[in-house]
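For reference, work_8.cif (mmCIF, C-alpha atoms):
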```cif
data_query
loop_
_atom_site.label_atom_id
_atom_site.label_comp_id
_atom_site.auth_asym_id
_atom_site.auth_seq_id
_atom_site.Cartn_x
_atom_site.Cartn_y
_atom_site.Cartn_z
CA MET A 1 101.70 104.93 74.17
CA ILE A 2 105.27 104.82 75.44
CA ASP A 3 108.00 103.60 73.11
CA THR A 4 109.11 100.29 74.63
CA ASP A 5 112.20 100.31 72.40
CA SER A 6 113.50 103.59 73.85
CA THR A 7 116.85 103.98 75.56
CA ASP A 8 115.09 104.32 78.92
CA ALA A 9 113.14 101.10 78.34
CA ALA A 10 116.45 99.35 77.66
CA LEU A 11 117.70 100.36 81.13
CA TRP A 12 115.36 97.77 82.63
CA ARG A 13 116.61 94.73 80.66
CA PRO A 14 119.69 93.97 82.79
CA ALA A 15 117.82 94.38 86.10
CA ARG A 16 117.97 91.19 88.18
CA THR A 17 117.15 92.10 91.78
CA LEU A 18 114.58 94.07 93.72
CA ASN A 19 117.35 96.59 94.44
CA ASP A 20 117.94 97.01 90.69
CA LEU A 21 114.21 97.51 90.10
CA GLY A 22 113.89 99.89 93.05
CA ARG A 23 116.77 102.07 91.85
CA LEU A 24 115.21 102.30 88.38
CA THR A 25 111.73 102.98 89.76
CA ALA A 26 113.14 105.79 91.92
CA GLY A 27 114.70 107.28 88.77
CA TRP A 28 111.33 107.14 87.00
CA LEU A 29 109.60 108.80 89.95
CA GLU A 30 112.20 111.58 89.99
CA GLY A 31 112.10 112.08 86.22
CA SER A 32 115.57 110.88 85.22
CA ILE A 33 113.98 107.84 83.49
CA THR A 34 110.88 108.20 81.31
CA TYR A 35 109.89 104.53 81.11
CA LEU A 36 108.40 102.22 83.73
CA PRO A 37 107.41 98.61 82.94
CA ALA A 38 103.68 97.89 83.23
CA ASP A 39 102.92 101.63 83.14
CA TYR A 40 101.46 103.68 80.34
CA GLY A 41 102.79 107.10 81.21
CA ASP A 42 106.17 108.74 80.98
CA GLY A 43 106.09 109.89 84.61
CA PRO A 44 104.03 109.84 87.78
CA GLU A 45 100.54 111.30 87.88
CA GLU A 46 100.32 114.94 88.98
CA GLU A 47 98.69 113.91 92.27
CA THR A 48 101.83 111.89 93.10
CA ALA A 49 104.15 114.93 93.06
CA PRO A 50 104.03 115.49 96.85
CA LEU A 51 104.87 111.81 97.43
CA ILE A 52 107.84 111.47 95.09
CA SER A 53 110.54 111.85 97.74
CA VAL A 54 109.04 109.25 100.11
CA LEU A 55 108.30 106.84 97.24
CA ALA A 56 111.80 107.21 95.78
CA GLU A 57 113.26 106.57 99.24
CA ALA A 58 111.06 103.48 99.63
CA ASN A 59 112.27 102.13 96.29
CA ARG A 60 115.91 102.77 97.14
CA ASN A 61 115.37 100.88 100.40
CA GLY A 62 114.02 97.69 98.82
CA TYR A 63 110.28 98.38 98.54
CA VAL A 64 109.62 98.36 94.79
CA THR A 65 106.39 100.33 94.52
CA VAL A 66 103.97 99.49 91.72
CA PHE A 67 101.00 101.54 92.90
CA SER A 68 100.48 104.58 95.08
CA GLN A 69 97.95 107.29 95.57
CA PRO A 70 97.56 110.14 98.03
CA GLY A 71 94.58 110.49 100.31
CA LEU A 72 92.26 113.02 98.69
CA ALA A 73 88.71 114.26 99.16
CA PHE A 74 86.87 115.60 96.12
CA PRO A 75 83.76 117.76 95.77
CA GLY A 76 80.59 115.68 95.57
CA GLY A 77 81.75 112.99 98.00
CA ASP A 78 84.31 111.15 95.86
CA ALA A 79 87.55 110.37 97.67
CA GLN A 80 90.76 108.37 97.75
CA ARG A 81 92.41 106.55 100.59
CA ALA A 82 96.17 106.98 100.79
CA ALA A 83 97.57 103.68 99.55
CA VAL A 84 100.76 102.07 98.29
CA GLY A 85 101.64 98.62 97.03
CA GLY A 86 104.78 96.89 95.95
CA PHE A 87 107.32 94.08 96.20
CA CYS A 88 109.96 93.51 98.89
CA ASP A 89 111.76 90.75 100.74
CA GLU A 90 110.33 89.06 103.83
CA ASN A 91 112.42 91.08 106.28
CA LEU A 92 111.20 94.40 104.89
CA ALA A 93 107.61 93.10 104.71
CA ARG A 94 107.81 92.31 108.42
CA ARG A 95 109.31 95.75 109.19
CA ILE A 96 106.52 97.51 107.29
CA GLU A 97 103.94 95.33 109.02
CA ALA A 98 105.46 96.19 112.43
CA ALA A 99 105.50 99.92 111.68
CA VAL A 100 101.84 99.83 110.68
CA LEU A 101 100.85 97.75 113.73
CA ARG A 102 100.75 100.69 116.13
CA THR A 103 98.67 102.87 113.82
CA ASP A 104 95.19 102.61 112.35
CA LEU A 105 96.74 101.91 108.93
CA ILE A 106 96.11 98.50 107.40
CA ALA A 107 98.79 96.32 105.78
CA LEU A 108 97.95 93.46 103.44
CA VAL A 109 101.03 91.23 103.34
CA THR A 110 101.11 88.38 100.84
CA ARG A 111 103.91 85.82 100.84
CA PRO A 112 105.23 84.62 97.46
CA GLY A 113 102.59 82.61 95.67
CA GLY A 114 99.95 83.48 98.26
CA ASP A 115 96.48 84.88 97.81
CA SER A 116 94.84 87.86 99.46
CA PRO A 117 91.51 87.13 101.15
CA SER A 118 89.68 90.07 99.62
CA ARG A 119 90.00 93.31 97.77
CA ILE A 120 89.33 96.67 99.36
CA PRO A 121 88.24 99.82 97.52
CA VAL A 122 90.60 102.78 97.89
CA THR A 123 89.00 105.19 95.39
CA ILE A 124 85.41 106.29 94.92
CA ASP A 125 84.59 107.90 91.57
CA GLY A 126 81.08 108.92 90.65
CA GLY A 127 79.87 107.35 93.88
CA GLU A 128 81.18 103.90 92.87
CA PRO A 129 84.31 101.95 93.85
CA PHE A 130 86.97 102.59 91.21
CA THR A 131 90.39 101.39 92.48
CA TRP A 132 91.09 98.43 94.77
CA ILE A 133 93.99 96.91 96.67
CA GLY A 134 94.26 93.32 97.90
CA ASN A 135 94.90 91.81 94.48
CA PRO A 136 98.45 90.41 94.58
CA LEU A 137 99.95 89.63 91.20
CA ASP A 138 100.40 85.96 90.45
CA SER A 139 103.38 84.62 88.49
CA TYR A 140 101.49 84.87 85.17
CA GLU A 141 100.65 88.54 85.77
CA ILE A 142 104.19 89.30 86.89
CA SER A 143 105.53 87.71 83.72
CA HIS A 144 102.97 89.56 81.60
CA HIS A 145 103.75 92.97 83.12
CA TYR A 146 107.52 92.66 83.49
CA GLY A 147 108.72 89.82 81.26
CA ARG A 148 109.45 91.87 78.16
CA ASP A 149 111.19 94.75 79.91
CA CYS A 150 113.09 93.04 82.72
CA PRO A 151 113.13 89.29 82.05
CA HIS A 152 116.11 88.68 84.35
CA ALA A 153 114.16 90.09 87.34
CA LEU A 154 111.17 87.73 87.07
CA ASP A 155 112.60 85.30 89.62
CA ALA A 156 113.15 88.13 92.11
CA LEU A 157 109.61 89.42 91.60
CA THR A 158 107.89 86.03 91.89
CA ALA A 159 109.93 85.26 95.04
CA ALA A 160 109.10 88.64 96.60
CA TRP A 161 106.50 89.43 99.20
CA GLN A 162 103.78 91.80 98.05
CA VAL A 163 102.85 94.45 100.59
CA GLU A 164 99.98 96.90 100.26
CA VAL A 165 99.31 99.50 102.92
CA PHE A 166 96.35 101.82 103.06
CA ASP A 167 94.81 104.38 105.32
CA PRO A 168 91.24 103.40 106.24
CA ARG A 169 90.28 107.08 106.57
CA TRP A 170 89.16 108.53 103.25
CA GLY A 171 91.09 111.64 102.21
CA ARG A 172 93.69 111.63 105.01
CA GLU A 173 96.93 112.79 103.44
CA ASP A 174 99.89 112.27 105.77
CA VAL A 175 99.74 109.33 108.18
CA LEU A 176 100.68 106.58 105.70
CA TRP A 177 103.69 108.42 104.29
CA GLU A 178 104.99 109.43 107.73
CA CYS A 179 104.70 105.81 108.89
CA LEU A 180 106.57 104.42 105.88
CA THR A 181 109.38 106.93 106.37
CA THR A 182 109.98 105.47 109.85
CA VAL A 183 110.67 102.05 108.30
CA TRP A 184 113.80 103.30 106.48
CA ALA A 185 115.06 104.96 109.65
CA GLN A 186 115.20 101.60 111.49
#
```
Structure translated into structure tokens:
Amino acid sequence: MIDTDSTDAALWRPARTLNDLGRLTAGWLEGSITYLPADYGDGPEEETAPLISVLAEANRNGYVTVFSQPGLAFPGGDAQRAAVGGFCDENLARRIEAAVLRTDLIALVTRPGGDSPSRIPVTIDGGEPFTWIGNPLDSYEISHHYGRDCPHALDALTAAWQVEVFDPRWGREDVLWECLTTVWAQ
């Protein structure tokens, strides 16, 4: 368990905006910060290593990522769809949605306080669905996950749009990340 009283945990307390949270999340992804609210590790999973640069760039550009996974195929038929989810403002949500529109990627865009119509499995483990997207956090969950560590940012998070993007093709590694990179170039 991560020490929530550490110096790195204290870096999150003054955060107020999505930009503040994105800058800190980028630092966690790159290893300069060892604490991330609502996470139980001191750094990204090993499978995330190839995605760190694009995820850090996304966070620095206003898309505060809270979940990501690469597309992977495993022996025995298990697999992951490339997927990412996070918070952003309406303008960036629309830009991500527009970038995805001309691809076969799928974006689930939820306005503040909205509900997603369904959840979609993005990981198969042992032949069974294991990880899903399409579950936007409500204000209670946002407060539960972030209230202790960054209480001044709760208003920004509850007012943010939640955007999840996934590749419908199991195991495909590159299309999602290349598409997201085009959003920051606009």
List the neighbours of range 65-69 of chain A out to 7 Å using all atoms listed in the file; skip same-chain residues closer than 5 positions along the sequence, and give me the result as an NGL selection string. :A and (48 or 59 or 82-87)
- Message: Using only C-alpha atoms, which protein or nucleic acid residues come within 8 Å of Asp149 in chain A? Drop anything in the same chain fewer than 2 positions from it, and give the result as a list in words.
- Response: Thr4, Ala9, Ala10, Trp12, Arg13, Pro37, Tyr146, Gly147 and Pro151 of chain A
Keeping only C-alpha atoms, take the residues you just selected and write them out as a PDB file, in the coordinates of the input.
```pdb
ATOM      1  CA  THR A   4     109.110 100.290  74.630  1.00  0.00           C
ATOM      2  CA  ALA A   9     113.140 101.100  78.340  1.00  0.00           C
ATOM      3  CA  ALA A  10     116.450  99.350  77.660  1.00  0.00           C
ATOM      4  CA  TRP A  12     115.360  97.770  82.630  1.00  0.00           C
ATOM      5  CA  ARG A  13     116.610  94.730  80.660  1.00  0.00           C
ATOM      6  CA  PRO A  37     107.410  98.610  82.940  1.00  0.00           C
ATOM      7  CA  TYR A 146     107.520  92.660  83.490  1.00  0.00           C
ATOM      8  CA  GLY A 147     108.720  89.820  81.260  1.00  0.00           C
ATOM      9  CA  PRO A 151     113.130  89.290  82.050  1.00  0.00           C
TER      10      PRO A 151
END
```
Atom pair CA of Tyr140 in chain A + CA of Leu24 in chain A, distance 22.4 Å
Pairwise distance for CA of Pro112 in chain A and CA of Thr158 in chain A, rounded to one decimal in Å |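 Distance reported for this atom pair: 6.3 Å.
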Close residues, Trp170 in chain A itself excluded, 12 Å, all atoms listed in the file, min 6 positions apart in chain, as a PDB file with C-alpha atoms, keeping the file's coordinate frame:
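The file below, part_16.pdb, is the result:
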```
ATOM      1  CA  GLN A  69      97.950 107.290  95.570  1.00  0.00           C
ATOM      2  CA  PRO A  70      97.560 110.140  98.030  1.00  0.00           C
ATOM      3  CA  GLY A  71      94.580 110.490 100.310  1.00  0.00           C
ATOM      4  CA  LEU A  72      92.260 113.020  98.690  1.00  0.00           C
ATOM      5  CA  ALA A  73      88.710 114.260  99.160  1.00  0.00           C
ATOM      6  CA  PHE A  74      86.870 115.600  96.120  1.00  0.00           C
ATOM      7  CA  GLY A  77      81.750 112.990  98.000  1.00  0.00           C
ATOM      8  CA  ASP A  78      84.310 111.150  95.860  1.00  0.00           C
ATOM      9  CA  ALA A  79      87.550 110.370  97.670  1.00  0.00           C
ATOM     10  CA  GLN A  80      90.760 108.370  97.750  1.00  0.00           C
ATOM     11  CA  ARG A  81      92.410 106.550 100.590  1.00  0.00           C
ATOM     12  CA  ALA A  82      96.170 106.980 100.790  1.00  0.00           C
ATOM     13  CA  ALA A  83      97.570 103.680  99.550  1.00  0.00           C
ATOM     14  CA  LEU A 105      96.740 101.910 108.930  1.00  0.00           C
ATOM     15  CA  PRO A 121      88.240  99.820  97.520  1.00  0.00           C
ATOM     16  CA  VAL A 122      90.600 102.780  97.890  1.00  0.00           C
ATOM     17  CA  THR A 123      89.000 105.190  95.390  1.00  0.00           C
ATOM     18  CA  ILE A 124      85.410 106.290  94.920  1.00  0.00           C
ATOM     19  CA  LEU A 176     100.680 106.580 105.700  1.00  0.00           C
TER      20      LEU A 176
END
```
If the PyMOL selection byres ((chain A and resi 89) around 6) were run on this exact file, what residues would it hold? Put them as a list in words. Cys88, Glu90, Asn91, Leu92, Ala160 and Trp161 of chain A
*Find the residues near Ser143 in chain A: any atom within 12 Å, counting all atoms listed in the file, skip ones fewer than 4 places away on the same chain, and give them as number ranges by chain.*
A: 37-38, 137-139, 147-158
- prompt: Could you spell out the hits of the PyMOL selection byres ((chain A and resi 100-104) around 10) on the shown file, as a list in words?
  reply: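 Written out, the selection comes to Arg94, Arg95, Ile96, Glu97, Ala98, Ala99, Leu105, Ile106, Ala107, Val165, Phe166, Asp167, Pro168, Arg169, Val175, Leu176, Cys179, Leu180, Thr182 and Val183 of chain A.
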* I need the residue set behind the PyMOL selection byres ((chain A and resi 132) around 8) for this file; please write it as a PyMOL selection string. => chain A and resi 119-123+129-131+133-135
message: List the spatial neighbours of Val54 in chain A as a PyMOL selection string - criterion: any atom at most 10 Å away, all atoms listed in the file, same-chain residues fewer than 5 positions off excluded.
response: chain A and resi 26+59-60+177-178+180-181+184
_Quick check, in Å to one decimal: how far apart do CA of Gly62 in chain A and CA of Arg172 in chain A lie?_
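CA of Gly62 in chain A sits 25.4 Å away from CA of Arg172 in chain A.
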Listed atoms of range 155-165 of chain A boxed axis-aligned with 3 Å per side, centre + edges as AutoDock Vina command-line options:
```
--center_x 106.2 --center_y 92.4 --center_z 96.3 --size_x 19.8 --size_y 20.2 --size_z 19.3
```
Residue nearest Pro75 in chain A among A:Ala49, A:Gln186, A:Arg23, A:Gly127 (counting only C-alpha atoms) =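 With only C-alpha atoms as the atom set, the closest residue is A:Gly127.
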| task | Tell me which of A:Thr110, A:Thr7, A:Thr17, A:Gln162 sits closest to Leu36 in chain A, counting all atoms listed in the file. | result |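 Nearest candidate to Leu36 in chain A out of A:Thr110, A:Thr7, A:Thr17, A:Gln162: A:Thr7.
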Which of these residues is nearest to Tyr35 in chain A, using only C-alpha atoms: A:Asp8, A:Glu173, A:Asp115, A:Glu141?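 Closest candidate: A:Asp8.
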